[in-house]
Amino acid sequence: MEYRYKTRMVCSTEINFSLDGDKVRNVSFRGGCNGNLKAIGKLVEGMSVDEIEQKLAGNTCNGRPTSCADQLAIAVRQAYTESIQG
């Protein structure tokens with residue numbers, strides 16, 4: 001299933017991805033640091049929600065309490081939780 005997450009307090013404005021069970025696929029960001037965010041999308045391809053959360057949750061950027069990577073961890077956890085609750 002495809003998901004769209006509106007980010008908060010970061011340079012990117014949106015994260016798009018799909019879930020195949022608990023595996024994350026096709027991550028793309030709108031806005032933000034283009035090269036770095038493309039790299040994050042490639043690095044997390046096929047990872048589980050738990051793996052992404054373990055690696056990226058809590059990462060901050062430029063004194064903000066979050067980052068695009070942290071927002072991705074939040075987004076995939078929220079989508080996965082919604083998908084299993086039906």
# chains A, B, ... in the order shown; residues from 1 in each chain; ligands from 1

$ residues_around --residues "Met47 in chain A" --least-positions-apart "2" --cutoff "10 Å" --atoms "only C-alpha atoms" --output "JSON, numbers by chain"
{"A": [22, 23, 24, 25, 43, 44, 45, 49, 50, 51, 52, 53]}

$ write_last_selection --atoms "all heavy atoms" --output "short mmCIF file (atom, residue, chain, number, x, y, z; two decimals), in the first residue's frame"
data_model
loop_
_atom_site.label_atom_id
_atom_site.label_comp_id
_atom_site.auth_asym_id
_atom_site.auth_seq_id
_atom_site.Cartn_x
_atom_site.Cartn_y
_atom_site.Cartn_z
N ASP A 22 5.77 -5.53 6.58
CA ASP A 22 6.53 -4.57 7.40
C ASP A 22 7.76 -4.05 6.66
O ASP A 22 8.60 -3.37 7.24
CB ASP A 22 6.93 -5.18 8.74
CG ASP A 22 8.05 -6.19 8.62
OD1 ASP A 22 8.22 -6.78 7.55
OD2 ASP A 22 8.78 -6.37 9.62
N LYS A 23 7.88 -4.36 5.37
CA LYS A 23 9.02 -3.91 4.56
C LYS A 23 8.68 -2.61 3.85
O LYS A 23 7.59 -2.46 3.27
CB LYS A 23 9.42 -4.96 3.52
CG LYS A 23 9.76 -6.31 4.12
CD LYS A 23 10.99 -6.24 4.99
CE LYS A 23 11.33 -7.62 5.53
NZ LYS A 23 12.29 -7.61 6.58
N VAL A 24 9.63 -1.67 3.87
CA VAL A 24 9.43 -0.35 3.28
C VAL A 24 10.06 -0.32 1.89
O VAL A 24 11.18 -0.79 1.69
CB VAL A 24 10.04 0.73 4.20
CG1 VAL A 24 9.91 2.10 3.57
CG2 VAL A 24 9.36 0.69 5.56
N ARG A 25 9.34 0.26 0.96
CA ARG A 25 9.80 0.32 -0.44
C ARG A 25 9.52 1.71 -1.02
O ARG A 25 8.65 2.42 -0.56
CB ARG A 25 9.07 -0.72 -1.28
CG ARG A 25 9.10 -2.12 -0.71
CD ARG A 25 9.73 -3.08 -1.66
NE ARG A 25 9.63 -4.44 -1.15
CZ ARG A 25 10.65 -5.10 -0.63
NH1 ARG A 25 11.82 -4.54 -0.53
NH2 ARG A 25 10.49 -6.32 -0.19
N LEU A 43 19.10 3.47 0.82
CA LEU A 43 19.64 2.69 1.94
C LEU A 43 18.57 1.93 2.71
O LEU A 43 18.83 0.84 3.22
CB LEU A 43 20.42 3.60 2.89
CG LEU A 43 21.74 4.14 2.35
CD1 LEU A 43 22.28 5.23 3.27
CD2 LEU A 43 22.75 3.02 2.18
N VAL A 44 17.38 2.50 2.81
CA VAL A 44 16.32 1.83 3.59
C VAL A 44 15.46 0.91 2.74
O VAL A 44 14.60 0.20 3.28
CB VAL A 44 15.43 2.85 4.35
CG1 VAL A 44 16.26 3.70 5.29
CG2 VAL A 44 14.60 3.70 3.40
N GLU A 45 15.67 0.87 1.45
CA GLU A 45 14.86 0.02 0.56
C GLU A 45 14.86 -1.42 1.05
O GLU A 45 15.92 -2.04 1.24
CB GLU A 45 15.40 0.08 -0.88
CG GLU A 45 14.64 -0.76 -1.86
CD GLU A 45 13.23 -0.27 -2.16
OE1 GLU A 45 12.94 0.92 -1.97
OE2 GLU A 45 12.40 -1.10 -2.59
N VAL A 49 10.18 -1.94 9.17
CA VAL A 49 9.82 -0.76 9.95
C VAL A 49 10.69 -0.71 11.21
O VAL A 49 11.23 0.35 11.56
CB VAL A 49 8.31 -0.76 10.29
CG1 VAL A 49 7.97 0.32 11.29
CG2 VAL A 49 7.49 -0.63 9.02
N ASP A 50 10.86 -1.84 11.88
CA ASP A 50 11.68 -1.89 13.09
C ASP A 50 13.13 -1.48 12.82
O ASP A 50 13.73 -0.72 13.59
CB ASP A 50 11.68 -3.28 13.72
CG ASP A 50 10.38 -3.61 14.43
OD1 ASP A 50 9.61 -2.68 14.75
OD2 ASP A 50 10.14 -4.82 14.67
N GLU A 51 13.70 -1.96 11.72
CA GLU A 51 15.09 -1.62 11.38
C GLU A 51 15.24 -0.12 11.13
O GLU A 51 16.20 0.50 11.60
CB GLU A 51 15.54 -2.39 10.14
CG GLU A 51 15.74 -3.86 10.35
CD GLU A 51 16.01 -4.60 9.05
OE1 GLU A 51 15.27 -4.40 8.06
OE2 GLU A 51 16.98 -5.38 9.03
N ILE A 52 14.31 0.44 10.39
CA ILE A 52 14.36 1.87 10.10
C ILE A 52 14.23 2.67 11.39
O ILE A 52 14.97 3.62 11.62
CB ILE A 52 13.28 2.26 9.08
CG1 ILE A 52 13.64 1.66 7.72
CG2 ILE A 52 13.12 3.78 8.99
CD1 ILE A 52 12.55 1.80 6.67
N GLU A 53 13.30 2.27 12.22
CA GLU A 53 13.10 2.97 13.49
C GLU A 53 14.36 2.89 14.36
O GLU A 53 14.78 3.90 14.94
CB GLU A 53 11.91 2.33 14.21
CG GLU A 53 11.18 3.26 15.12
CD GLU A 53 9.87 2.64 15.59
OE1 GLU A 53 9.82 1.41 15.85
OE2 GLU A 53 8.91 3.39 15.72
#

$ select_by_dssp --residues "chain A" --states "strand (DSSP E)" --output "list in words"
Glu2, Tyr3, Arg4, Tyr5, Lys6, Ser12, Thr13, Glu14, Ile15, Asn16, Phe17, Ser18, Leu19, Asp20, Lys23, Val24, Arg25, Asn26, Val27, Ser28, Phe29, Arg30 and Gly31 of chain A

$ write_last_selection --atoms "N, CA, C and O atoms" --output "short mmCIF file (atom, residue, chain, number, x, y, z; two decimals), in the first residue's frame"
data_model
loop_
_atom_site.label_atom_id
_atom_site.label_comp_id
_atom_site.auth_asym_id
_atom_site.auth_seq_id
_atom_site.Cartn_x
_atom_site.Cartn_y
_atom_site.Cartn_z
N GLU A 2 0.45 2.28 -0.67
CA GLU A 2 1.21 3.53 -0.77
C GLU A 2 0.78 4.52 0.30
O GLU A 2 -0.40 4.60 0.65
N TYR A 3 1.77 5.24 0.82
CA TYR A 3 1.52 6.20 1.89
C TYR A 3 2.17 7.54 1.57
O TYR A 3 3.21 7.60 0.91
N ARG A 4 1.55 8.59 2.08
CA ARG A 4 2.07 9.95 1.97
C ARG A 4 2.05 10.56 3.37
O ARG A 4 1.02 10.54 4.03
N TYR A 5 3.19 11.06 3.79
CA TYR A 5 3.32 11.64 5.13
C TYR A 5 3.78 13.09 5.01
O TYR A 5 4.79 13.36 4.36
N LYS A 6 3.02 13.98 5.60
CA LYS A 6 3.39 15.40 5.64
C LYS A 6 4.36 15.61 6.80
O LYS A 6 4.01 15.37 7.95
N SER A 12 12.23 19.06 4.09
CA SER A 12 11.35 18.34 3.17
C SER A 12 9.90 18.56 3.62
O SER A 12 9.65 18.80 4.81
N THR A 13 8.99 18.49 2.68
CA THR A 13 7.58 18.74 3.01
C THR A 13 6.74 17.48 3.02
O THR A 13 5.64 17.49 3.57
N GLU A 14 7.25 16.41 2.43
CA GLU A 14 6.44 15.20 2.29
C GLU A 14 7.34 14.00 2.06
O GLU A 14 8.39 14.11 1.43
N ILE A 15 6.90 12.86 2.59
CA ILE A 15 7.58 11.59 2.33
C ILE A 15 6.57 10.64 1.74
O ILE A 15 5.46 10.48 2.26
N ASN A 16 6.93 10.00 0.63
CA ASN A 16 6.09 9.00 -0.01
C ASN A 16 6.81 7.66 0.04
O ASN A 16 8.02 7.61 -0.15
N PHE A 17 6.06 6.60 0.30
CA PHE A 17 6.65 5.27 0.37
C PHE A 17 5.54 4.24 0.28
O PHE A 17 4.36 4.56 0.37
N SER A 18 5.93 2.99 0.13
CA SER A 18 4.95 1.91 0.17
C SER A 18 5.40 0.88 1.20
O SER A 18 6.58 0.78 1.54
N LEU A 19 4.42 0.15 1.70
CA LEU A 19 4.67 -0.93 2.65
C LEU A 19 4.26 -2.24 2.01
O LEU A 19 3.19 -2.35 1.42
N ASP A 20 5.12 -3.23 2.17
CA ASP A 20 4.83 -4.60 1.76
C ASP A 20 4.97 -5.42 3.03
O ASP A 20 6.08 -5.82 3.40
N LYS A 23 7.88 -4.36 5.37
CA LYS A 23 9.02 -3.91 4.56
C LYS A 23 8.68 -2.61 3.85
O LYS A 23 7.59 -2.46 3.27
N VAL A 24 9.63 -1.67 3.87
CA VAL A 24 9.43 -0.35 3.28
C VAL A 24 10.06 -0.32 1.89
O VAL A 24 11.18 -0.79 1.69
N ARG A 25 9.34 0.26 0.96
CA ARG A 25 9.80 0.32 -0.44
C ARG A 25 9.52 1.71 -1.02
O ARG A 25 8.65 2.42 -0.56
N ASN A 26 10.27 2.04 -2.06
CA ASN A 26 10.02 3.22 -2.89
C ASN A 26 9.93 4.52 -2.10
O ASN A 26 9.04 5.33 -2.33
N VAL A 27 10.88 4.75 -1.21
CA VAL A 27 10.87 5.97 -0.40
C VAL A 27 11.32 7.15 -1.27
O VAL A 27 12.34 7.08 -1.95
N SER A 28 10.55 8.22 -1.22
CA SER A 28 10.95 9.46 -1.87
C SER A 28 10.50 10.64 -1.02
O SER A 28 9.49 10.57 -0.32
N PHE A 29 11.30 11.68 -1.05
CA PHE A 29 11.04 12.89 -0.29
C PHE A 29 10.74 14.02 -1.25
O PHE A 29 11.33 14.10 -2.33
N ARG A 30 9.88 14.93 -0.85
CA ARG A 30 9.63 16.17 -1.60
C ARG A 30 10.34 17.28 -0.85
O ARG A 30 10.09 17.50 0.33
N GLY A 31 11.24 17.97 -1.54
CA GLY A 31 12.02 19.04 -0.92
C GLY A 31 13.15 18.48 -0.09
O GLY A 31 13.43 17.29 -0.10
#

$ residues_around --residues "range 65-71 of chain A" --least-positions-apart "5" --cutoff "8 Å" --atoms "only C-alpha atoms" --output "ChimeraX atom specification"
/A:7-12,32,37,40,56-60

$ write_last_selection --atoms "N, CA and C atoms" --output "PDB file, in the first residue's frame"
ATOM      1  N   THR A   7       5.555  16.043   6.494  1.00  0.00           N
ATOM      2  CA  THR A   7       6.582  16.207   7.509  1.00  0.00           C
ATOM      3  C   THR A   7       6.353  17.468   8.346  1.00  0.00           C
ATOM      4  N   ARG A   8       7.038  17.520   9.487  1.00  0.00           N
ATOM      5  CA  ARG A   8       6.936  18.657  10.401  1.00  0.00           C
ATOM      6  C   ARG A   8       8.334  19.092  10.837  1.00  0.00           C
ATOM      7  N   MET A   9       8.567  20.390  10.831  1.00  0.00           N
ATOM      8  CA  MET A   9       9.797  20.998  11.348  1.00  0.00           C
ATOM      9  C   MET A   9      11.071  20.602  10.603  1.00  0.00           C
ATOM     10  N   VAL A  10      10.956  20.210   9.318  1.00  0.00           N
ATOM     11  CA  VAL A  10      12.135  19.864   8.516  1.00  0.00           C
ATOM     12  C   VAL A  10      12.026  20.523   7.143  1.00  0.00           C
ATOM     13  N   CYS A  11      13.098  20.469   6.391  1.00  0.00           N
ATOM     14  CA  CYS A  11      13.128  21.108   5.069  1.00  0.00           C
ATOM     15  C   CYS A  11      12.264  20.378   4.042  1.00  0.00           C
ATOM     16  N   SER A  12      12.231  19.065   4.093  1.00  0.00           N
ATOM     17  CA  SER A  12      11.351  18.341   3.174  1.00  0.00           C
ATOM     18  C   SER A  12       9.904  18.558   3.624  1.00  0.00           C
ATOM     19  N   GLY A  32      13.844  19.370   0.605  1.00  0.00           N
ATOM     20  CA  GLY A  32      14.947  18.952   1.452  1.00  0.00           C
ATOM     21  C   GLY A  32      16.238  18.794   0.677  1.00  0.00           C
ATOM     22  N   LEU A  37      18.679  12.803   0.706  1.00  0.00           N
ATOM     23  CA  LEU A  37      17.399  12.117   0.877  1.00  0.00           C
ATOM     24  C   LEU A  37      17.210  10.996  -0.141  1.00  0.00           C
ATOM     25  N   ILE A  40      19.151   8.181   1.433  1.00  0.00           N
ATOM     26  CA  ILE A  40      18.397   7.532   2.519  1.00  0.00           C
ATOM     27  C   ILE A  40      17.366   6.579   1.927  1.00  0.00           C
ATOM     28  N   LEU A  56      17.123   5.247  12.566  1.00  0.00           N
ATOM     29  CA  LEU A  56      16.885   6.652  12.244  1.00  0.00           C
ATOM     30  C   LEU A  56      16.106   7.451  13.284  1.00  0.00           C
ATOM     31  N   ALA A  57      15.340   6.787  14.125  1.00  0.00           N
ATOM     32  CA  ALA A  57      14.526   7.520  15.107  1.00  0.00           C
ATOM     33  C   ALA A  57      15.419   8.314  16.056  1.00  0.00           C
ATOM     34  N   GLY A  58      15.028   9.542  16.310  1.00  0.00           N
ATOM     35  CA  GLY A  58      15.758  10.391  17.232  1.00  0.00           C
ATOM     36  C   GLY A  58      16.875  11.202  16.604  1.00  0.00           C
ATOM     37  N   ASN A  59      17.156  10.981  15.322  1.00  0.00           N
ATOM     38  CA  ASN A  59      18.170  11.765  14.624  1.00  0.00           C
ATOM     39  C   ASN A  59      17.680  13.212  14.502  1.00  0.00           C
ATOM     40  N   THR A  60      18.550  14.180  14.806  1.00  0.00           N
ATOM     41  CA  THR A  60      18.160  15.588  14.740  1.00  0.00           C
ATOM     42  C   THR A  60      18.968  16.314  13.671  1.00  0.00           C
TER      43      THR A  60
END

$ atom_distance --atom1 "CA of Leu72 in chain A" --atom2 "CA of Ala39 in chain A"
13.0 Å

$ select_by_dssp --residues "chain A" --states "alpha helix (DSSP H)" --output "PDB file with N, CA, C and O atoms, in the first residue's frame"
ATOM      1  N   ASN A  34      18.278  17.106  -1.553  1.00  0.00           N
ATOM      2  CA  ASN A  34      17.971  16.128  -2.585  1.00  0.00           C
ATOM      3  C   ASN A  34      18.896  14.916  -2.593  1.00  0.00           C
ATOM      4  O   ASN A  34      18.440  13.776  -2.536  1.00  0.00           O
ATOM      5  N   GLY A  35      20.186  15.124  -2.652  1.00  0.00           N
ATOM      6  CA  GLY A  35      21.127  14.003  -2.724  1.00  0.00           C
ATOM      7  C   GLY A  35      21.101  13.133  -1.486  1.00  0.00           C
ATOM      8  O   GLY A  35      21.073  11.903  -1.572  1.00  0.00           O
ATOM      9  N   ASN A  36      21.107  13.757  -0.322  1.00  0.00           N
ATOM     10  CA  ASN A  36      21.086  12.992   0.926  1.00  0.00           C
ATOM     11  C   ASN A  36      19.791  12.208   1.072  1.00  0.00           C
ATOM     12  O   ASN A  36      19.803  11.058   1.528  1.00  0.00           O
ATOM     13  N   LEU A  37      18.679  12.803   0.706  1.00  0.00           N
ATOM     14  CA  LEU A  37      17.399  12.117   0.877  1.00  0.00           C
ATOM     15  C   LEU A  37      17.210  10.996  -0.141  1.00  0.00           C
ATOM     16  O   LEU A  37      16.610   9.970   0.170  1.00  0.00           O
ATOM     17  N   LYS A  38      17.754  11.168  -1.346  1.00  0.00           N
ATOM     18  CA  LYS A  38      17.738  10.061  -2.308  1.00  0.00           C
ATOM     19  C   LYS A  38      18.561   8.896  -1.759  1.00  0.00           C
ATOM     20  O   LYS A  38      18.178   7.733  -1.887  1.00  0.00           O
ATOM     21  N   ALA A  39      19.692   9.219  -1.137  1.00  0.00           N
ATOM     22  CA  ALA A  39      20.547   8.173  -0.566  1.00  0.00           C
ATOM     23  C   ALA A  39      19.827   7.442   0.564  1.00  0.00           C
ATOM     24  O   ALA A  39      19.885   6.209   0.648  1.00  0.00           O
ATOM     25  N   ILE A  40      19.151   8.181   1.433  1.00  0.00           N
ATOM     26  CA  ILE A  40      18.397   7.532   2.519  1.00  0.00           C
ATOM     27  C   ILE A  40      17.366   6.579   1.927  1.00  0.00           C
ATOM     28  O   ILE A  40      17.217   5.447   2.388  1.00  0.00           O
ATOM     29  N   GLY A  41      16.649   7.034   0.900  1.00  0.00           N
ATOM     30  CA  GLY A  41      15.653   6.177   0.258  1.00  0.00           C
ATOM     31  C   GLY A  41      16.259   4.875  -0.261  1.00  0.00           C
ATOM     32  O   GLY A  41      15.677   3.798  -0.097  1.00  0.00           O
ATOM     33  N   LYS A  42      17.435   4.962  -0.859  1.00  0.00           N
ATOM     34  CA  LYS A  42      18.104   3.759  -1.365  1.00  0.00           C
ATOM     35  C   LYS A  42      18.577   2.862  -0.219  1.00  0.00           C
ATOM     36  O   LYS A  42      18.474   1.645  -0.300  1.00  0.00           O
ATOM     37  N   LEU A  43      19.104   3.471   0.822  1.00  0.00           N
ATOM     38  CA  LEU A  43      19.642   2.693   1.941  1.00  0.00           C
ATOM     39  C   LEU A  43      18.568   1.931   2.713  1.00  0.00           C
ATOM     40  O   LEU A  43      18.829   0.839   3.225  1.00  0.00           O
ATOM     41  N   VAL A  44      17.379   2.495   2.812  1.00  0.00           N
ATOM     42  CA  VAL A  44      16.325   1.831   3.589  1.00  0.00           C
ATOM     43  C   VAL A  44      15.456   0.909   2.744  1.00  0.00           C
ATOM     44  O   VAL A  44      14.604   0.204   3.283  1.00  0.00           O
ATOM     45  N   VAL A  49      10.176  -1.941   9.168  1.00  0.00           N
ATOM     46  CA  VAL A  49       9.824  -0.763   9.952  1.00  0.00           C
ATOM     47  C   VAL A  49      10.688  -0.714  11.213  1.00  0.00           C
ATOM     48  O   VAL A  49      11.226   0.346  11.565  1.00  0.00           O
ATOM     49  N   ASP A  50      10.865  -1.840  11.885  1.00  0.00           N
ATOM     50  CA  ASP A  50      11.684  -1.885  13.094  1.00  0.00           C
ATOM     51  C   ASP A  50      13.130  -1.476  12.818  1.00  0.00           C
ATOM     52  O   ASP A  50      13.727  -0.723  13.587  1.00  0.00           O
ATOM     53  N   GLU A  51      13.704  -1.965  11.723  1.00  0.00           N
ATOM     54  CA  GLU A  51      15.087  -1.619  11.384  1.00  0.00           C
ATOM     55  C   GLU A  51      15.242  -0.123  11.133  1.00  0.00           C
ATOM     56  O   GLU A  51      16.204   0.497  11.604  1.00  0.00           O
ATOM     57  N   ILE A  52      14.308   0.440  10.390  1.00  0.00           N
ATOM     58  CA  ILE A  52      14.358   1.875  10.101  1.00  0.00           C
ATOM     59  C   ILE A  52      14.227   2.674  11.391  1.00  0.00           C
ATOM     60  O   ILE A  52      14.972   3.620  11.624  1.00  0.00           O
ATOM     61  N   GLU A  53      13.302   2.273  12.224  1.00  0.00           N
ATOM     62  CA  GLU A  53      13.096   2.966  13.488  1.00  0.00           C
ATOM     63  C   GLU A  53      14.361   2.892  14.360  1.00  0.00           C
ATOM     64  O   GLU A  53      14.781   3.905  14.942  1.00  0.00           O
ATOM     65  N   GLN A  54      14.985   1.734  14.439  1.00  0.00           N
ATOM     66  CA  GLN A  54      16.193   1.562  15.250  1.00  0.00           C
ATOM     67  C   GLN A  54      17.343   2.434  14.751  1.00  0.00           C
ATOM     68  O   GLN A  54      18.103   2.980  15.543  1.00  0.00           O
ATOM     69  N   LYS A  55      17.474   2.570  13.441  1.00  0.00           N
ATOM     70  CA  LYS A  55      18.599   3.317  12.869  1.00  0.00           C
ATOM     71  C   LYS A  55      18.361   4.820  12.799  1.00  0.00           C
ATOM     72  O   LYS A  55      19.301   5.600  12.950  1.00  0.00           O
ATOM     73  N   LEU A  56      17.123   5.247  12.566  1.00  0.00           N
ATOM     74  CA  LEU A  56      16.885   6.652  12.244  1.00  0.00           C
ATOM     75  C   LEU A  56      16.106   7.451  13.284  1.00  0.00           C
ATOM     76  O   LEU A  56      16.205   8.685  13.301  1.00  0.00           O
ATOM     77  N   CYS A  68      14.795  14.853   8.711  1.00  0.00           N
ATOM     78  CA  CYS A  68      14.066  14.114   7.676  1.00  0.00           C
ATOM     79  C   CYS A  68      14.137  12.610   7.933  1.00  0.00           C
ATOM     80  O   CYS A  68      13.158  11.895   7.732  1.00  0.00           O
ATOM     81  N   ALA A  69      15.285  12.131   8.406  1.00  0.00           N
ATOM     82  CA  ALA A  69      15.428  10.704   8.726  1.00  0.00           C
ATOM     83  C   ALA A  69      14.511  10.308   9.877  1.00  0.00           C
ATOM     84  O   ALA A  69      13.849   9.261   9.824  1.00  0.00           O
ATOM     85  N   ASP A  70      14.460  11.134  10.908  1.00  0.00           N
ATOM     86  CA  ASP A  70      13.564  10.892  12.043  1.00  0.00           C
ATOM     87  C   ASP A  70      12.112  10.913  11.582  1.00  0.00           C
ATOM     88  O   ASP A  70      11.310  10.063  11.996  1.00  0.00           O
ATOM     89  N   GLN A  71      11.777  11.850  10.716  1.00  0.00           N
ATOM     90  CA  GLN A  71      10.418  11.923  10.196  1.00  0.00           C
ATOM     91  C   GLN A  71      10.057  10.661   9.409  1.00  0.00           C
ATOM     92  O   GLN A  71       8.930  10.179   9.473  1.00  0.00           O
ATOM     93  N   LEU A  72      11.025  10.099   8.681  1.00  0.00           N
ATOM     94  CA  LEU A  72      10.788   8.841   7.980  1.00  0.00           C
ATOM     95  C   LEU A  72      10.478   7.727   8.972  1.00  0.00           C
ATOM     96  O   LEU A  72       9.541   6.950   8.762  1.00  0.00           O
ATOM     97  N   ALA A  73      11.248   7.643  10.048  1.00  0.00           N
ATOM     98  CA  ALA A  73      10.998   6.615  11.072  1.00  0.00           C
ATOM     99  C   ALA A  73       9.595   6.764  11.651  1.00  0.00           C
ATOM    100  O   ALA A  73       8.875   5.774  11.836  1.00  0.00           O
ATOM    101  N   ILE A  74       9.198   7.991  11.918  1.00  0.00           N
ATOM    102  CA  ILE A  74       7.852   8.254  12.445  1.00  0.00           C
ATOM    103  C   ILE A  74       6.792   7.853  11.421  1.00  0.00           C
ATOM    104  O   ILE A  74       5.797   7.202  11.748  1.00  0.00           O
ATOM    105  N   ALA A  75       7.017   8.227  10.168  1.00  0.00           N
ATOM    106  CA  ALA A  75       6.044   7.958   9.107  1.00  0.00           C
ATOM    107  C   ALA A  75       5.817   6.470   8.884  1.00  0.00           C
ATOM    108  O   ALA A  75       4.677   6.011   8.781  1.00  0.00           O
ATOM    109  N   VAL A  76       6.910   5.700   8.819  1.00  0.00           N
ATOM    110  CA  VAL A  76       6.741   4.264   8.540  1.00  0.00           C
ATOM    111  C   VAL A  76       6.104   3.549   9.720  1.00  0.00           C
ATOM    112  O   VAL A  76       5.298   2.641   9.530  1.00  0.00           O
ATOM    113  N   ARG A  77       6.428   3.963  10.951  1.00  0.00           N
ATOM    114  CA  ARG A  77       5.793   3.347  12.126  1.00  0.00           C
ATOM    115  C   ARG A  77       4.301   3.650  12.133  1.00  0.00           C
ATOM    116  O   ARG A  77       3.476   2.768  12.362  1.00  0.00           O
ATOM    117  N   GLN A  78       3.936   4.894  11.862  1.00  0.00           N
ATOM    118  CA  GLN A  78       2.527   5.279  11.849  1.00  0.00           C
ATOM    119  C   GLN A  78       1.766   4.521  10.777  1.00  0.00           C
ATOM    120  O   GLN A  78       0.692   3.980  11.037  1.00  0.00           O
ATOM    121  N   ALA A  79       2.332   4.419   9.583  1.00  0.00           N
ATOM    122  CA  ALA A  79       1.671   3.712   8.483  1.00  0.00           C
ATOM    123  C   ALA A  79       1.516   2.230   8.813  1.00  0.00           C
ATOM    124  O   ALA A  79       0.457   1.635   8.569  1.00  0.00           O
ATOM    125  N   TYR A  80       2.574   1.629   9.355  1.00  0.00           N
ATOM    126  CA  TYR A  80       2.520   0.215   9.678  1.00  0.00           C
ATOM    127  C   TYR A  80       1.464  -0.060  10.755  1.00  0.00           C
ATOM    128  O   TYR A  80       0.679  -0.996  10.643  1.00  0.00           O
ATOM    129  N   THR A  81       1.430   0.767  11.789  1.00  0.00           N
ATOM    130  CA  THR A  81       0.460   0.618  12.862  1.00  0.00           C
ATOM    131  C   THR A  81      -0.963   0.718  12.310  1.00  0.00           C
ATOM    132  O   THR A  81      -1.822  -0.105  12.639  1.00  0.00           O
ATOM    133  N   GLU A  82      -1.196   1.686  11.447  1.00  0.00           N
ATOM    134  CA  GLU A  82      -2.512   1.836  10.823  1.00  0.00           C
ATOM    135  C   GLU A  82      -2.858   0.633   9.966  1.00  0.00           C
ATOM    136  O   GLU A  82      -3.998   0.176   9.942  1.00  0.00           O
ATOM    137  N   SER A  83      -1.867   0.078   9.250  1.00  0.00           N
ATOM    138  CA  SER A  83      -2.129  -1.049   8.357  1.00  0.00           C
ATOM    139  C   SER A  83      -2.508  -2.314   9.117  1.00  0.00           C
ATOM    140  O   SER A  83      -3.318  -3.102   8.629  1.00  0.00           O
ATOM    141  N   ILE A  84      -1.931  -2.518  10.298  1.00  0.00           N
ATOM    142  CA  ILE A  84      -2.264  -3.745  11.036  1.00  0.00           C
ATOM    143  C   ILE A  84      -3.520  -3.581  11.889  1.00  0.00           C
ATOM    144  O   ILE A  84      -4.127  -4.570  12.285  1.00  0.00           O
ATOM    145  N   GLN A  85      -3.911  -2.345  12.142  1.00  0.00           N
ATOM    146  CA  GLN A  85      -5.149  -2.116  12.894  1.00  0.00           C
ATOM    147  C   GLN A  85      -6.366  -2.125  11.995  1.00  0.00           C
ATOM    148  O   GLN A  85      -7.473  -2.210  12.474  1.00  0.00           O
TER     149      GLN A  85
END

$ decode --residues "range 26-63 of chain A" --atoms "C-alpha atoms" --output "mmCIF file, in the first residue's frame"
data_model
loop_
_atom_site.group_PDB
_atom_site.id
_atom_site.type_symbol
_atom_site.label_atom_id
_atom_site.label_comp_id
_atom_site.auth_asym_id
_atom_site.auth_seq_id
_atom_site.Cartn_x
_atom_site.Cartn_y
_atom_site.Cartn_z
ATOM 1 C CA ASN A 26 10.020 3.219 -2.895
ATOM 2 C CA VAL A 27 10.875 5.973 -0.403
ATOM 3 C CA SER A 28 10.955 9.464 -1.874
ATOM 4 C CA PHE A 29 11.038 12.889 -0.287
ATOM 5 C CA ARG A 30 9.634 16.166 -1.604
ATOM 6 C CA GLY A 31 12.017 19.039 -0.920
ATOM 7 C CA GLY A 32 14.947 18.952 1.452
ATOM 8 C CA CYS A 33 18.530 17.946 0.684
ATOM 9 C CA ASN A 34 17.971 16.128 -2.585
ATOM 10 C CA GLY A 35 21.127 14.003 -2.724
ATOM 11 C CA ASN A 36 21.086 12.992 0.926
ATOM 12 C CA LEU A 37 17.399 12.117 0.877
ATOM 13 C CA LYS A 38 17.738 10.061 -2.308
ATOM 14 C CA ALA A 39 20.547 8.173 -0.566
ATOM 15 C CA ILE A 40 18.397 7.532 2.519
ATOM 16 C CA GLY A 41 15.653 6.177 0.258
ATOM 17 C CA LYS A 42 18.104 3.759 -1.365
ATOM 18 C CA LEU A 43 19.642 2.693 1.941
ATOM 19 C CA VAL A 44 16.325 1.831 3.589
ATOM 20 C CA GLU A 45 14.864 0.020 0.556
ATOM 21 C CA GLY A 46 13.529 -3.333 1.749
ATOM 22 C CA MET A 47 14.240 -2.670 5.429
ATOM 23 C CA SER A 48 11.620 -3.463 8.018
ATOM 24 C CA VAL A 49 9.824 -0.763 9.952
ATOM 25 C CA ASP A 50 11.684 -1.885 13.094
ATOM 26 C CA GLU A 51 15.087 -1.619 11.384
ATOM 27 C CA ILE A 52 14.358 1.875 10.101
ATOM 28 C CA GLU A 53 13.096 2.966 13.488
ATOM 29 C CA GLN A 54 16.193 1.562 15.250
ATOM 30 C CA LYS A 55 18.599 3.317 12.869
ATOM 31 C CA LEU A 56 16.885 6.652 12.244
ATOM 32 C CA ALA A 57 14.526 7.520 15.107
ATOM 33 C CA GLY A 58 15.758 10.391 17.232
ATOM 34 C CA ASN A 59 18.170 11.765 14.624
ATOM 35 C CA THR A 60 18.160 15.588 14.740
ATOM 36 C CA CYS A 61 19.201 18.316 12.283
ATOM 37 C CA ASN A 62 20.500 21.870 12.799
ATOM 38 C CA GLY A 63 19.274 22.178 16.374
#
